[in-house]
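Asker: Below is the file final_11.cif, with mmCIF, N, CA and C atoms and all ligand atoms.
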```
data_work
loop_
_atom_site.label_atom_id
_atom_site.label_comp_id
_atom_site.auth_asym_id
_atom_site.auth_seq_id
_atom_site.Cartn_x
_atom_site.Cartn_y
_atom_site.Cartn_z
N MET A 1 79.65 88.16 125.65
CA MET A 1 79.08 89.49 125.29
C MET A 1 79.17 89.70 123.78
N CYS A 2 78.14 90.27 123.19
CA CYS A 2 78.12 90.39 121.72
C CYS A 2 79.05 91.51 121.25
N LEU A 3 79.39 91.47 119.98
CA LEU A 3 80.35 92.43 119.41
C LEU A 3 79.93 93.88 119.66
N PHE A 4 78.66 94.20 119.45
CA PHE A 4 78.25 95.60 119.60
C PHE A 4 78.16 95.98 121.07
N CYS A 5 77.87 95.03 121.98
CA CYS A 5 77.98 95.34 123.41
C CYS A 5 79.43 95.63 123.77
N GLU A 6 80.37 94.91 123.16
CA GLU A 6 81.80 95.18 123.39
C GLU A 6 82.17 96.58 122.90
N ILE A 7 81.61 96.98 121.76
CA ILE A 7 81.85 98.33 121.24
C ILE A 7 81.24 99.35 122.20
N LEU A 8 80.01 99.08 122.68
CA LEU A 8 79.35 100.01 123.61
C LEU A 8 80.15 100.15 124.90
N ASN A 9 80.78 99.07 125.33
CA ASN A 9 81.58 99.11 126.56
C ASN A 9 82.94 99.75 126.36
N GLY A 10 83.30 100.00 125.09
CA GLY A 10 84.60 100.59 124.80
C GLY A 10 85.71 99.56 124.71
N ASN A 11 85.37 98.26 124.78
CA ASN A 11 86.39 97.21 124.68
C ASN A 11 86.91 97.06 123.26
N ILE A 12 86.07 97.42 122.29
CA ILE A 12 86.48 97.40 120.88
C ILE A 12 86.31 98.83 120.36
N PRO A 13 87.36 99.40 119.76
CA PRO A 13 87.26 100.79 119.29
C PRO A 13 86.29 100.95 118.13
N SER A 14 85.70 102.13 118.04
CA SER A 14 84.79 102.44 116.93
C SER A 14 84.84 103.94 116.69
N THR A 15 84.37 104.34 115.52
CA THR A 15 84.34 105.77 115.18
C THR A 15 82.93 106.29 115.42
N LYS A 16 82.77 107.03 116.52
CA LYS A 16 81.46 107.52 116.92
C LYS A 16 80.96 108.61 116.00
N VAL A 17 79.69 108.56 115.65
CA VAL A 17 79.07 109.69 114.94
C VAL A 17 77.99 110.35 115.79
N TYR A 18 77.47 109.62 116.77
CA TYR A 18 76.45 110.20 117.68
C TYR A 18 76.32 109.29 118.90
N GLU A 19 76.03 109.92 120.05
CA GLU A 19 75.77 109.13 121.26
C GLU A 19 74.86 109.92 122.19
N ASP A 20 73.92 109.23 122.81
CA ASP A 20 73.19 109.82 123.94
C ASP A 20 72.95 108.71 124.95
N ASP A 21 72.06 108.94 125.91
CA ASP A 21 71.90 107.94 126.98
C ASP A 21 71.25 106.64 126.50
N MET A 22 70.60 106.66 125.34
CA MET A 22 69.88 105.47 124.88
C MET A 22 70.50 104.77 123.68
N ILE A 23 71.19 105.53 122.84
CA ILE A 23 71.65 104.95 121.57
C ILE A 23 73.08 105.38 121.24
N TYR A 24 73.70 104.60 120.36
CA TYR A 24 75.06 104.89 119.91
C TYR A 24 75.10 104.68 118.40
N ALA A 25 75.73 105.61 117.69
CA ALA A 25 75.88 105.49 116.24
C ALA A 25 77.36 105.57 115.91
N PHE A 26 77.80 104.70 115.01
CA PHE A 26 79.23 104.63 114.67
C PHE A 26 79.38 104.16 113.23
N LYS A 27 80.55 104.48 112.65
CA LYS A 27 80.78 104.14 111.25
C LYS A 27 80.94 102.63 111.07
N ASP A 28 80.32 102.11 110.02
CA ASP A 28 80.50 100.70 109.69
C ASP A 28 81.94 100.47 109.26
N ILE A 29 82.53 99.38 109.74
CA ILE A 29 83.94 99.10 109.45
C ILE A 29 84.14 98.73 107.97
N ASN A 30 83.07 98.34 107.31
CA ASN A 30 83.16 97.90 105.91
C ASN A 30 82.08 98.62 105.10
N PRO A 31 82.25 99.94 104.88
CA PRO A 31 81.17 100.73 104.29
C PRO A 31 80.85 100.32 102.86
N VAL A 32 79.54 100.35 102.54
CA VAL A 32 79.10 100.02 101.19
C VAL A 32 78.73 101.27 100.39
N ALA A 33 78.88 102.43 101.00
CA ALA A 33 78.57 103.71 100.35
C ALA A 33 79.41 104.77 101.06
N PRO A 34 79.52 105.98 100.48
CA PRO A 34 80.34 107.03 101.10
C PRO A 34 79.93 107.32 102.55
N VAL A 35 78.64 107.26 102.84
CA VAL A 35 78.18 107.37 104.22
C VAL A 35 77.54 106.04 104.60
N HIS A 36 78.04 105.43 105.65
CA HIS A 36 77.47 104.16 106.12
C HIS A 36 77.75 104.08 107.61
N PHE A 37 76.71 104.36 108.39
CA PHE A 37 76.87 104.20 109.84
C PHE A 37 75.78 103.29 110.38
N LEU A 38 76.03 102.80 111.59
CA LEU A 38 75.11 101.90 112.27
C LEU A 38 74.57 102.60 113.50
N VAL A 39 73.30 102.39 113.80
CA VAL A 39 72.72 102.94 115.02
C VAL A 39 72.21 101.77 115.85
N VAL A 40 72.64 101.74 117.12
CA VAL A 40 72.28 100.61 118.00
C VAL A 40 71.72 101.12 119.32
N PRO A 41 70.82 100.34 119.93
CA PRO A 41 70.38 100.66 121.28
C PRO A 41 71.46 100.31 122.28
N LYS A 42 71.54 101.06 123.38
CA LYS A 42 72.54 100.75 124.41
C LYS A 42 72.14 99.54 125.24
N GLU A 43 70.88 99.14 125.15
CA GLU A 43 70.45 97.88 125.78
C GLU A 43 70.56 96.78 124.72
N HIS A 44 71.02 95.60 125.14
CA HIS A 44 71.12 94.51 124.17
C HIS A 44 69.74 94.02 123.76
N ILE A 45 69.42 94.18 122.48
CA ILE A 45 68.22 93.62 121.86
C ILE A 45 68.73 92.83 120.67
N GLY A 46 68.32 91.57 120.52
CA GLY A 46 68.93 90.70 119.53
C GLY A 46 68.70 91.11 118.09
N SER A 47 67.45 91.43 117.78
CA SER A 47 67.10 91.76 116.40
C SER A 47 65.70 92.37 116.41
N VAL A 48 65.18 92.67 115.24
CA VAL A 48 63.80 93.17 115.14
C VAL A 48 62.83 92.16 115.78
N ASN A 49 63.17 90.88 115.70
CA ASN A 49 62.30 89.86 116.30
C ASN A 49 62.18 90.00 117.81
N ASP A 50 63.10 90.70 118.43
CA ASP A 50 63.13 90.83 119.89
C ASP A 50 62.63 92.18 120.38
N VAL A 51 62.06 92.97 119.49
CA VAL A 51 61.48 94.26 119.91
C VAL A 51 60.14 93.99 120.61
N THR A 52 59.97 94.61 121.77
CA THR A 52 58.77 94.41 122.60
C THR A 52 58.19 95.76 123.00
N ALA A 53 57.02 95.71 123.64
CA ALA A 53 56.42 96.95 124.14
C ALA A 53 57.33 97.61 125.18
N GLU A 54 58.13 96.79 125.88
CA GLU A 54 59.02 97.34 126.93
C GLU A 54 60.25 98.03 126.34
N ASN A 55 60.77 97.51 125.22
CA ASN A 55 62.03 98.09 124.71
C ASN A 55 61.86 98.88 123.40
N SER A 56 60.64 98.98 122.89
CA SER A 56 60.45 99.67 121.60
C SER A 56 60.76 101.16 121.68
N LYS A 57 60.88 101.70 122.90
CA LYS A 57 61.28 103.11 123.04
C LYS A 57 62.67 103.34 122.42
N TYR A 58 63.52 102.32 122.45
CA TYR A 58 64.85 102.47 121.82
C TYR A 58 64.71 102.63 120.31
N VAL A 59 63.82 101.84 119.74
CA VAL A 59 63.61 101.90 118.29
C VAL A 59 63.02 103.26 117.91
N ALA A 60 62.03 103.70 118.68
CA ALA A 60 61.43 105.01 118.42
C ALA A 60 62.50 106.10 118.50
N HIS A 61 63.35 106.02 119.51
CA HIS A 61 64.37 107.04 119.69
C HIS A 61 65.39 107.01 118.55
N ILE A 62 65.75 105.80 118.12
CA ILE A 62 66.67 105.69 116.98
C ILE A 62 66.10 106.42 115.77
N PHE A 63 64.80 106.20 115.50
CA PHE A 63 64.22 106.83 114.31
C PHE A 63 63.99 108.33 114.51
N GLU A 64 63.82 108.76 115.75
CA GLU A 64 63.75 110.20 116.00
C GLU A 64 65.09 110.87 115.68
N LYS A 65 66.18 110.14 115.94
CA LYS A 65 67.52 110.74 115.81
C LYS A 65 68.17 110.53 114.45
N ILE A 66 67.75 109.53 113.69
CA ILE A 66 68.42 109.25 112.42
C ILE A 66 68.50 110.49 111.51
N PRO A 67 67.42 111.28 111.33
CA PRO A 67 67.55 112.43 110.43
C PRO A 67 68.64 113.41 110.86
N GLU A 68 68.72 113.64 112.17
CA GLU A 68 69.72 114.57 112.71
C GLU A 68 71.14 114.00 112.53
N ILE A 69 71.31 112.70 112.77
CA ILE A 69 72.64 112.10 112.62
C ILE A 69 73.02 112.10 111.14
N ALA A 70 72.08 111.76 110.28
CA ALA A 70 72.36 111.75 108.84
C ALA A 70 72.78 113.15 108.38
N LYS A 71 72.05 114.15 108.85
CA LYS A 71 72.38 115.53 108.47
C LYS A 71 73.80 115.88 108.92
N SER A 72 74.17 115.42 110.12
CA SER A 72 75.53 115.70 110.63
C SER A 72 76.59 115.04 109.77
N GLN A 73 76.20 113.99 109.03
CA GLN A 73 77.13 113.31 108.13
C GLN A 73 77.01 113.83 106.70
N GLY A 74 76.20 114.86 106.52
CA GLY A 74 76.13 115.54 105.23
C GLY A 74 75.09 115.01 104.27
N ILE A 75 74.15 114.20 104.75
CA ILE A 75 73.15 113.63 103.83
C ILE A 75 71.73 113.86 104.37
N ASP A 76 70.79 114.04 103.42
CA ASP A 76 69.39 114.06 103.81
C ASP A 76 68.56 113.09 102.97
N SER A 77 69.26 112.25 102.21
CA SER A 77 68.62 111.18 101.44
C SER A 77 69.43 109.92 101.70
N TYR A 78 68.77 108.88 102.13
CA TYR A 78 69.50 107.69 102.59
C TYR A 78 68.55 106.52 102.68
N ARG A 79 69.15 105.35 102.88
CA ARG A 79 68.38 104.12 103.07
C ARG A 79 68.65 103.60 104.48
N VAL A 80 67.59 103.14 105.15
CA VAL A 80 67.73 102.54 106.48
C VAL A 80 67.39 101.06 106.36
N ILE A 81 68.31 100.21 106.82
CA ILE A 81 68.12 98.76 106.69
C ILE A 81 68.42 98.08 108.03
N SER A 82 67.58 97.12 108.41
CA SER A 82 67.88 96.25 109.54
C SER A 82 67.71 94.80 109.09
N ASN A 83 68.82 94.10 108.99
CA ASN A 83 68.76 92.69 108.64
C ASN A 83 68.34 91.90 109.88
N CYS A 84 67.35 91.04 109.72
CA CYS A 84 66.84 90.27 110.86
C CYS A 84 66.96 88.79 110.55
N GLY A 85 67.91 88.13 111.23
CA GLY A 85 68.05 86.69 111.08
C GLY A 85 69.02 86.28 109.98
N LYS A 86 69.31 85.00 109.97
CA LYS A 86 70.37 84.43 109.12
C LYS A 86 70.10 84.63 107.64
N ASP A 87 68.88 84.32 107.20
CA ASP A 87 68.58 84.41 105.77
C ASP A 87 68.67 85.85 105.27
N ALA A 88 68.44 86.81 106.15
CA ALA A 88 68.53 88.22 105.77
C ALA A 88 69.96 88.73 105.83
N GLY A 89 70.87 87.90 106.33
CA GLY A 89 72.27 88.30 106.36
C GLY A 89 72.70 88.99 107.65
N GLN A 90 71.91 88.84 108.72
CA GLN A 90 72.32 89.45 109.99
C GLN A 90 73.53 88.69 110.53
N THR A 91 74.63 89.42 110.73
CA THR A 91 75.85 88.78 111.21
C THR A 91 76.17 89.15 112.65
N VAL A 92 75.66 90.28 113.12
CA VAL A 92 75.86 90.68 114.51
C VAL A 92 74.49 90.67 115.19
N LEU A 93 74.37 89.85 116.23
CA LEU A 93 73.05 89.61 116.83
C LEU A 93 72.75 90.64 117.93
N HIS A 94 72.87 91.90 117.56
CA HIS A 94 72.48 93.04 118.41
C HIS A 94 71.78 93.99 117.45
N LEU A 95 70.52 94.30 117.75
CA LEU A 95 69.71 95.12 116.84
C LEU A 95 70.50 96.34 116.36
N HIS A 96 70.50 96.53 115.05
CA HIS A 96 71.19 97.70 114.49
C HIS A 96 70.53 98.11 113.19
N PHE A 97 70.60 99.39 112.94
CA PHE A 97 70.05 99.97 111.72
C PHE A 97 71.19 100.55 110.92
N HIS A 98 71.36 100.04 109.70
CA HIS A 98 72.33 100.60 108.77
C HIS A 98 71.71 101.88 108.20
N VAL A 99 72.47 102.95 108.15
CA VAL A 99 72.06 104.15 107.43
C VAL A 99 73.11 104.37 106.34
N ILE A 100 72.64 104.33 105.09
CA ILE A 100 73.52 104.27 103.93
C ILE A 100 73.15 105.39 102.97
N GLY A 101 74.13 106.14 102.51
CA GLY A 101 73.85 107.21 101.56
C GLY A 101 75.13 107.87 101.07
N GLY A 102 74.95 109.06 100.52
CA GLY A 102 76.09 109.81 100.01
C GLY A 102 76.38 109.54 98.55
N THR A 103 75.54 108.73 97.93
CA THR A 103 75.64 108.45 96.51
C THR A 103 74.27 107.98 96.04
N GLU A 104 74.07 107.93 94.73
CA GLU A 104 72.80 107.38 94.24
C GLU A 104 72.82 105.87 94.46
N LEU A 105 71.89 105.37 95.23
CA LEU A 105 71.89 103.96 95.61
C LEU A 105 71.21 103.13 94.54
N GLY A 106 71.69 101.92 94.36
CA GLY A 106 71.06 101.02 93.39
C GLY A 106 69.65 100.69 93.81
N GLU A 107 68.84 100.33 92.83
CA GLU A 107 67.43 100.04 93.12
C GLU A 107 67.25 98.65 93.72
N ASN A 108 68.27 97.80 93.59
CA ASN A 108 68.04 96.40 93.90
C ASN A 108 68.36 95.99 95.33
N ILE A 109 68.62 96.95 96.21
CA ILE A 109 68.80 96.59 97.63
C ILE A 109 67.48 96.79 98.37
N ILE A 110 66.46 97.20 97.64
CA ILE A 110 65.10 97.57 98.09
C ILE A 110 65.04 99.02 98.52
P1 LIG B 201 74.64 92.85 109.58
O1 LIG B 201 75.31 92.02 108.53
O2 LIG B 201 74.52 92.09 110.89
O3 LIG B 201 73.36 93.49 109.15
O4 LIG B 201 75.60 94.08 109.83
C1 LIG B 201 76.73 94.02 110.65
C2 LIG B 201 77.62 95.16 110.22
O5 LIG B 201 78.58 95.36 111.24
C3 LIG B 201 78.39 94.90 108.92
O6 LIG B 201 78.03 95.90 107.96
C4 LIG B 201 79.85 94.98 109.35
O7 LIG B 201 80.65 95.63 108.38
C5 LIG B 201 79.79 95.74 110.64
N1 LIG B 201 80.85 95.39 111.58
C6 LIG B 201 81.25 94.13 111.90
N2 LIG B 201 82.23 94.18 112.83
C7 LIG B 201 82.44 95.51 113.08
C8 LIG B 201 83.34 96.20 113.95
O8 LIG B 201 84.14 95.62 114.69
N3 LIG B 201 83.29 97.56 113.93
C9 LIG B 201 82.41 98.24 113.14
N4 LIG B 201 82.45 99.58 113.20
N5 LIG B 201 81.54 97.62 112.32
C10 LIG B 201 81.57 96.27 112.28
ZN ZN B 202 74.74 93.27 122.40
#
```
Can you dump the structure from the file as structure tokens?
Ligand code: 5GP
Ligand code: ZN
Answerer:
Amino acid sequence: MCLFCEILNGNIPSTKVYEDDMIYAFKDINPVAPVHFLVVPKEHIGSVNDVTAENSKYVAHIFEKIPEIAKSQGIDSYRVISNCGKDAGQTVLHLHFHVIGGTELGENII
């Protein structure tokens, strides 16, 4: 079972920032900015490469909720990143969106 499925199952502790029946958001263990949380689907999807017509509802729901979750963390300006694959630096093979903010972000992360 992948690391984020273990977190979803409660086998590995995490700091929740939002949860509903489809998605879970929690603080990144190694934050790169004052606000840095991850949003994941509750169904295992490997990466952006594995998004399909059948499971894209999770992605849509994540983006519907990100503004509300970000606001709950005190920010309305932020960067959303999903690393897909080895060259992009994806280390956990469960689709996740980094939401990063709370400071002026450098221009060179895109
Ligand atoms: P990736 O590099 O795959 O885009 O992002 C994986 C992220 O998961 C990293 O930012 C890393 O800090 C975070 N991470 C790895 N292990 C854990 C963990 O056990 N708990 C939490 N909360 N975050 C983790
Ligand atoms: Zn998983």
Asker: Restricting the calculation to only C-alpha atoms and all ligand atoms: of A:Asp87, A:Glu19, A:Glu43, A:Glu107, which residue gets closest to ligand LIG 201 (chain B)?
Answerer: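 Nearest to ligand LIG 201 (chain B): A:Asp87.
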Asker: Select the residues contacting ligand LIG 201 (chain B) at a distance of at most 12 Å, based on only C-alpha atoms and all ligand atoms, then format the selection as a CSV table (one decimal) with N, CA and C atoms, in the coordinates of the input.
Answerer:
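Result file part-v9.csv:
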```csv
chain,number,residue,atom,x,y,z
A,2,CYS,N,78.1,90.3,123.2
A,2,CYS,CA,78.1,90.4,121.7
A,2,CYS,C,79.0,91.5,121.2
A,3,LEU,N,79.4,91.5,120.0
A,3,LEU,CA,80.4,92.4,119.4
A,3,LEU,C,79.9,93.9,119.7
A,4,PHE,N,78.7,94.2,119.4
A,4,PHE,CA,78.2,95.6,119.6
A,4,PHE,C,78.2,96.0,121.1
A,5,CYS,N,77.9,95.0,122.0
A,5,CYS,CA,78.0,95.3,123.4
A,5,CYS,C,79.4,95.6,123.8
A,6,GLU,N,80.4,94.9,123.2
A,6,GLU,CA,81.8,95.2,123.4
A,6,GLU,C,82.2,96.6,122.9
A,7,ILE,N,81.6,97.0,121.8
A,7,ILE,CA,81.8,98.3,121.2
A,7,ILE,C,81.2,99.4,122.2
A,8,LEU,N,80.0,99.1,122.7
A,8,LEU,CA,79.4,100.0,123.6
A,8,LEU,C,80.2,100.2,124.9
A,10,GLY,N,83.3,100.0,125.1
A,10,GLY,CA,84.6,100.6,124.8
A,10,GLY,C,85.7,99.6,124.7
A,11,ASN,N,85.4,98.3,124.8
A,11,ASN,CA,86.4,97.2,124.7
A,11,ASN,C,86.9,97.1,123.3
A,12,ILE,N,86.1,97.4,122.3
A,12,ILE,CA,86.5,97.4,120.9
A,12,ILE,C,86.3,98.8,120.4
A,13,PRO,N,87.4,99.4,119.8
A,13,PRO,CA,87.3,100.8,119.3
A,13,PRO,C,86.3,101.0,118.1
A,14,SER,N,85.7,102.1,118.0
A,14,SER,CA,84.8,102.4,116.9
A,14,SER,C,84.8,103.9,116.7
A,15,THR,N,84.4,104.3,115.5
A,15,THR,CA,84.3,105.8,115.2
A,15,THR,C,82.9,106.3,115.4
A,16,LYS,N,82.8,107.0,116.5
A,16,LYS,CA,81.5,107.5,116.9
A,16,LYS,C,81.0,108.6,116.0
A,17,VAL,N,79.7,108.6,115.6
A,17,VAL,CA,79.1,109.7,114.9
A,17,VAL,C,78.0,110.4,115.8
A,24,TYR,N,73.7,104.6,120.4
A,24,TYR,CA,75.1,104.9,119.9
A,24,TYR,C,75.1,104.7,118.4
A,25,ALA,N,75.7,105.6,117.7
A,25,ALA,CA,75.9,105.5,116.2
A,25,ALA,C,77.4,105.6,115.9
A,26,PHE,N,77.8,104.7,115.0
A,26,PHE,CA,79.2,104.6,114.7
A,26,PHE,C,79.4,104.2,113.2
A,27,LYS,N,80.6,104.5,112.6
A,27,LYS,CA,80.8,104.1,111.2
A,27,LYS,C,80.9,102.6,111.1
A,28,ASP,N,80.3,102.1,110.0
A,28,ASP,CA,80.5,100.7,109.7
A,28,ASP,C,81.9,100.5,109.3
A,29,ILE,N,82.5,99.4,109.7
A,29,ILE,CA,83.9,99.1,109.4
A,29,ILE,C,84.1,98.7,108.0
A,30,ASN,N,83.1,98.3,107.3
A,30,ASN,CA,83.2,97.9,105.9
A,30,ASN,C,82.1,98.6,105.1
A,31,PRO,N,82.2,99.9,104.9
A,31,PRO,CA,81.2,100.7,104.3
A,31,PRO,C,80.8,100.3,102.9
A,32,VAL,N,79.5,100.4,102.5
A,32,VAL,CA,79.1,100.0,101.2
A,32,VAL,C,78.7,101.3,100.4
A,33,ALA,N,78.9,102.4,101.0
A,33,ALA,CA,78.6,103.7,100.4
A,33,ALA,C,79.4,104.8,101.1
A,36,HIS,N,78.0,105.4,105.6
A,36,HIS,CA,77.5,104.2,106.1
A,36,HIS,C,77.8,104.1,107.6
A,37,PHE,N,76.7,104.4,108.4
A,37,PHE,CA,76.9,104.2,109.8
A,37,PHE,C,75.8,103.3,110.4
A,38,LEU,N,76.0,102.8,111.6
A,38,LEU,CA,75.1,101.9,112.3
A,38,LEU,C,74.6,102.6,113.5
A,39,VAL,N,73.3,102.4,113.8
A,39,VAL,CA,72.7,102.9,115.0
A,39,VAL,C,72.2,101.8,115.8
A,40,VAL,N,72.6,101.7,117.1
A,40,VAL,CA,72.3,100.6,118.0
A,40,VAL,C,71.7,101.1,119.3
A,46,GLY,N,68.3,91.6,120.5
A,46,GLY,CA,68.9,90.7,119.5
A,46,GLY,C,68.7,91.1,118.1
A,47,SER,N,67.4,91.4,117.8
A,47,SER,CA,67.1,91.8,116.4
A,47,SER,C,65.7,92.4,116.4
A,48,VAL,N,65.2,92.7,115.2
A,48,VAL,CA,63.8,93.2,115.1
A,48,VAL,C,62.8,92.2,115.8
A,80,VAL,N,67.6,103.1,105.2
A,80,VAL,CA,67.7,102.5,106.5
A,80,VAL,C,67.4,101.1,106.4
A,81,ILE,N,68.3,100.2,106.8
A,81,ILE,CA,68.1,98.8,106.7
A,81,ILE,C,68.4,98.1,108.0
A,82,SER,N,67.6,97.1,108.4
A,82,SER,CA,67.9,96.2,109.5
A,82,SER,C,67.7,94.8,109.1
A,83,ASN,N,68.8,94.1,109.0
A,83,ASN,CA,68.8,92.7,108.6
A,83,ASN,C,68.3,91.9,109.9
A,84,CYS,N,67.4,91.0,109.7
A,84,CYS,CA,66.8,90.3,110.9
A,84,CYS,C,67.0,88.8,110.6
A,85,GLY,N,67.9,88.1,111.2
A,85,GLY,CA,68.0,86.7,111.1
A,85,GLY,C,69.0,86.3,110.0
A,86,LYS,N,69.3,85.0,110.0
A,86,LYS,CA,70.4,84.4,109.1
A,86,LYS,C,70.1,84.6,107.6
A,87,ASP,N,68.9,84.3,107.2
A,87,ASP,CA,68.6,84.4,105.8
A,87,ASP,C,68.7,85.8,105.3
A,88,ALA,N,68.4,86.8,106.2
A,88,ALA,CA,68.5,88.2,105.8
A,88,ALA,C,70.0,88.7,105.8
A,89,GLY,N,70.9,87.9,106.3
A,89,GLY,CA,72.3,88.3,106.4
A,89,GLY,C,72.7,89.0,107.6
A,90,GLN,N,71.9,88.8,108.7
A,90,GLN,CA,72.3,89.4,110.0
A,90,GLN,C,73.5,88.7,110.5
A,91,THR,N,74.6,89.4,110.7
A,91,THR,CA,75.8,88.8,111.2
A,91,THR,C,76.2,89.2,112.6
A,92,VAL,N,75.7,90.3,113.1
A,92,VAL,CA,75.9,90.7,114.5
A,92,VAL,C,74.5,90.7,115.2
A,93,LEU,N,74.4,89.8,116.2
A,93,LEU,CA,73.0,89.6,116.8
A,93,LEU,C,72.8,90.6,117.9
A,94,HIS,N,72.9,91.9,117.6
A,94,HIS,CA,72.5,93.0,118.4
A,94,HIS,C,71.8,94.0,117.4
A,95,LEU,N,70.5,94.3,117.8
A,95,LEU,CA,69.7,95.1,116.8
A,95,LEU,C,70.5,96.3,116.4
A,96,HIS,N,70.5,96.5,115.0
A,96,HIS,CA,71.2,97.7,114.5
A,96,HIS,C,70.5,98.1,113.2
A,97,PHE,N,70.6,99.4,112.9
A,97,PHE,CA,70.0,100.0,111.7
A,97,PHE,C,71.2,100.6,110.9
A,98,HIS,N,71.4,100.0,109.7
A,98,HIS,CA,72.3,100.6,108.8
A,98,HIS,C,71.7,101.9,108.2
A,99,VAL,N,72.5,103.0,108.2
A,99,VAL,CA,72.1,104.2,107.4
A,99,VAL,C,73.1,104.4,106.3
A,100,ILE,N,72.6,104.3,105.1
A,100,ILE,CA,73.5,104.3,103.9
A,100,ILE,C,73.2,105.4,103.0
```
Asker: Could you pull out the residues in chain A that DSSP calls helix (DSSP H, G or I) from the backbone, as a count of residues only?
Answerer: 29
Asker: Just how far from atom CA of A:Ala70 is atom CA of A:Gly101, in Å to one decimal?
Answerer: 8.7 Å
Asker: Using only C-alpha atoms and all ligand atoms for the distances, tell me which of A:Gly102, A:Gly74, A:Pro67, A:Pro41 is nearest to ligand ZN 202 (chain B).
Answerer: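 For ligand ZN 202 (chain B), the nearest of the candidates is A:Pro41.
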Asker: Just the number, please: distance in Å from atom CA of A:Val35 to atom CA of A:Gln73, one decimal.
Answerer: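 It comes out at 7.2 Å.
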Asker: Atom C of A:Thr52 and atom C of A:Ile66, how far apart in Å?
Answerer: 21.3 Å
Asker: Let me make sure I understand: among A:His44, A:Lys57, A:Lys65, A:Lys71, which one has the smallest atom-to-atom distance to ligand ZN 202 (chain B) if we use only N, CA and C atoms and all ligand atoms?
Answerer: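 For ligand ZN 202 (chain B), the nearest of the candidates is A:His44.
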Asker: Could you pull out the strand (DSSP E) residues of chain A from DSSP and send them as a PyMOL selection string?
Answerer: chain A and resi 16-19+23-27+35-41+78-81+97-101
Asker: Output N, CA and C atoms for every residue in the selection just made, as a compact mmCIF listing (two decimals), in the coordinates of the input.
Answerer:
```
# COMPACT_ATOMS: atom_id res chain seq x y z
N LYS A 16 82.77 107.03 116.52
CA LYS A 16 81.46 107.52 116.92
C LYS A 16 80.96 108.61 116.00
N VAL A 17 79.69 108.56 115.65
CA VAL A 17 79.07 109.69 114.94
C VAL A 17 77.99 110.35 115.79
N TYR A 18 77.47 109.62 116.77
CA TYR A 18 76.45 110.20 117.68
C TYR A 18 76.32 109.29 118.90
N GLU A 19 76.03 109.92 120.05
CA GLU A 19 75.77 109.13 121.26
C GLU A 19 74.86 109.92 122.19
N ILE A 23 71.19 105.53 122.84
CA ILE A 23 71.65 104.95 121.57
C ILE A 23 73.08 105.38 121.24
N TYR A 24 73.70 104.60 120.36
CA TYR A 24 75.06 104.89 119.91
C TYR A 24 75.10 104.68 118.40
N ALA A 25 75.73 105.61 117.69
CA ALA A 25 75.88 105.49 116.24
C ALA A 25 77.36 105.57 115.91
N PHE A 26 77.80 104.70 115.01
CA PHE A 26 79.23 104.63 114.67
C PHE A 26 79.38 104.16 113.23
N LYS A 27 80.55 104.48 112.65
CA LYS A 27 80.78 104.14 111.25
C LYS A 27 80.94 102.63 111.07
N VAL A 35 78.64 107.26 102.84
CA VAL A 35 78.18 107.37 104.22
C VAL A 35 77.54 106.04 104.60
N HIS A 36 78.04 105.43 105.65
CA HIS A 36 77.47 104.16 106.12
C HIS A 36 77.75 104.08 107.61
N PHE A 37 76.71 104.36 108.39
CA PHE A 37 76.87 104.20 109.84
C PHE A 37 75.78 103.29 110.38
N LEU A 38 76.03 102.80 111.59
CA LEU A 38 75.11 101.90 112.27
C LEU A 38 74.57 102.60 113.50
N VAL A 39 73.30 102.39 113.80
CA VAL A 39 72.72 102.94 115.02
C VAL A 39 72.21 101.77 115.85
N VAL A 40 72.64 101.74 117.12
CA VAL A 40 72.28 100.61 118.00
C VAL A 40 71.72 101.12 119.32
N PRO A 41 70.82 100.34 119.93
CA PRO A 41 70.38 100.66 121.28
C PRO A 41 71.46 100.31 122.28
N TYR A 78 68.77 108.88 102.13
CA TYR A 78 69.50 107.69 102.59
C TYR A 78 68.55 106.52 102.68
N ARG A 79 69.15 105.35 102.88
CA ARG A 79 68.38 104.12 103.07
C ARG A 79 68.65 103.60 104.48
N VAL A 80 67.59 103.14 105.15
CA VAL A 80 67.73 102.54 106.48
C VAL A 80 67.39 101.06 106.36
N ILE A 81 68.31 100.21 106.82
CA ILE A 81 68.12 98.76 106.69
C ILE A 81 68.42 98.08 108.03
N PHE A 97 70.60 99.39 112.94
CA PHE A 97 70.05 99.97 111.72
C PHE A 97 71.19 100.55 110.92
N HIS A 98 71.36 100.04 109.70
CA HIS A 98 72.33 100.60 108.77
C HIS A 98 71.71 101.88 108.20
N VAL A 99 72.47 102.95 108.15
CA VAL A 99 72.06 104.15 107.43
C VAL A 99 73.11 104.37 106.34
N ILE A 100 72.64 104.33 105.09
CA ILE A 100 73.52 104.27 103.93
C ILE A 100 73.15 105.39 102.97
N GLY A 101 74.13 106.14 102.51
CA GLY A 101 73.85 107.21 101.56
C GLY A 101 75.13 107.87 101.07
```
Asker: I'd like to know which of A:Tyr78, A:Pro34, A:Met22, A:Ser72 is closest to A:Val59, using only C-alpha atoms.
Answerer: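 Closest residue, counting only C-alpha atoms: A:Met22.
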Asker: Measuring atom to atom with all atoms listed in the file, identify which of A:Asn55, A:Ile69, A:Ile23, A:Lys42 is nearest to ligand ZN 202 (chain B).
Answerer: A:Lys42
Asker: Considering only C-alpha atoms and all ligand atoms, can you say which of A:His61, A:Asn9, A:Ser77, A:Leu105 comes closest to ligand ZN 202 (chain B)?
Answerer: A:Asn9
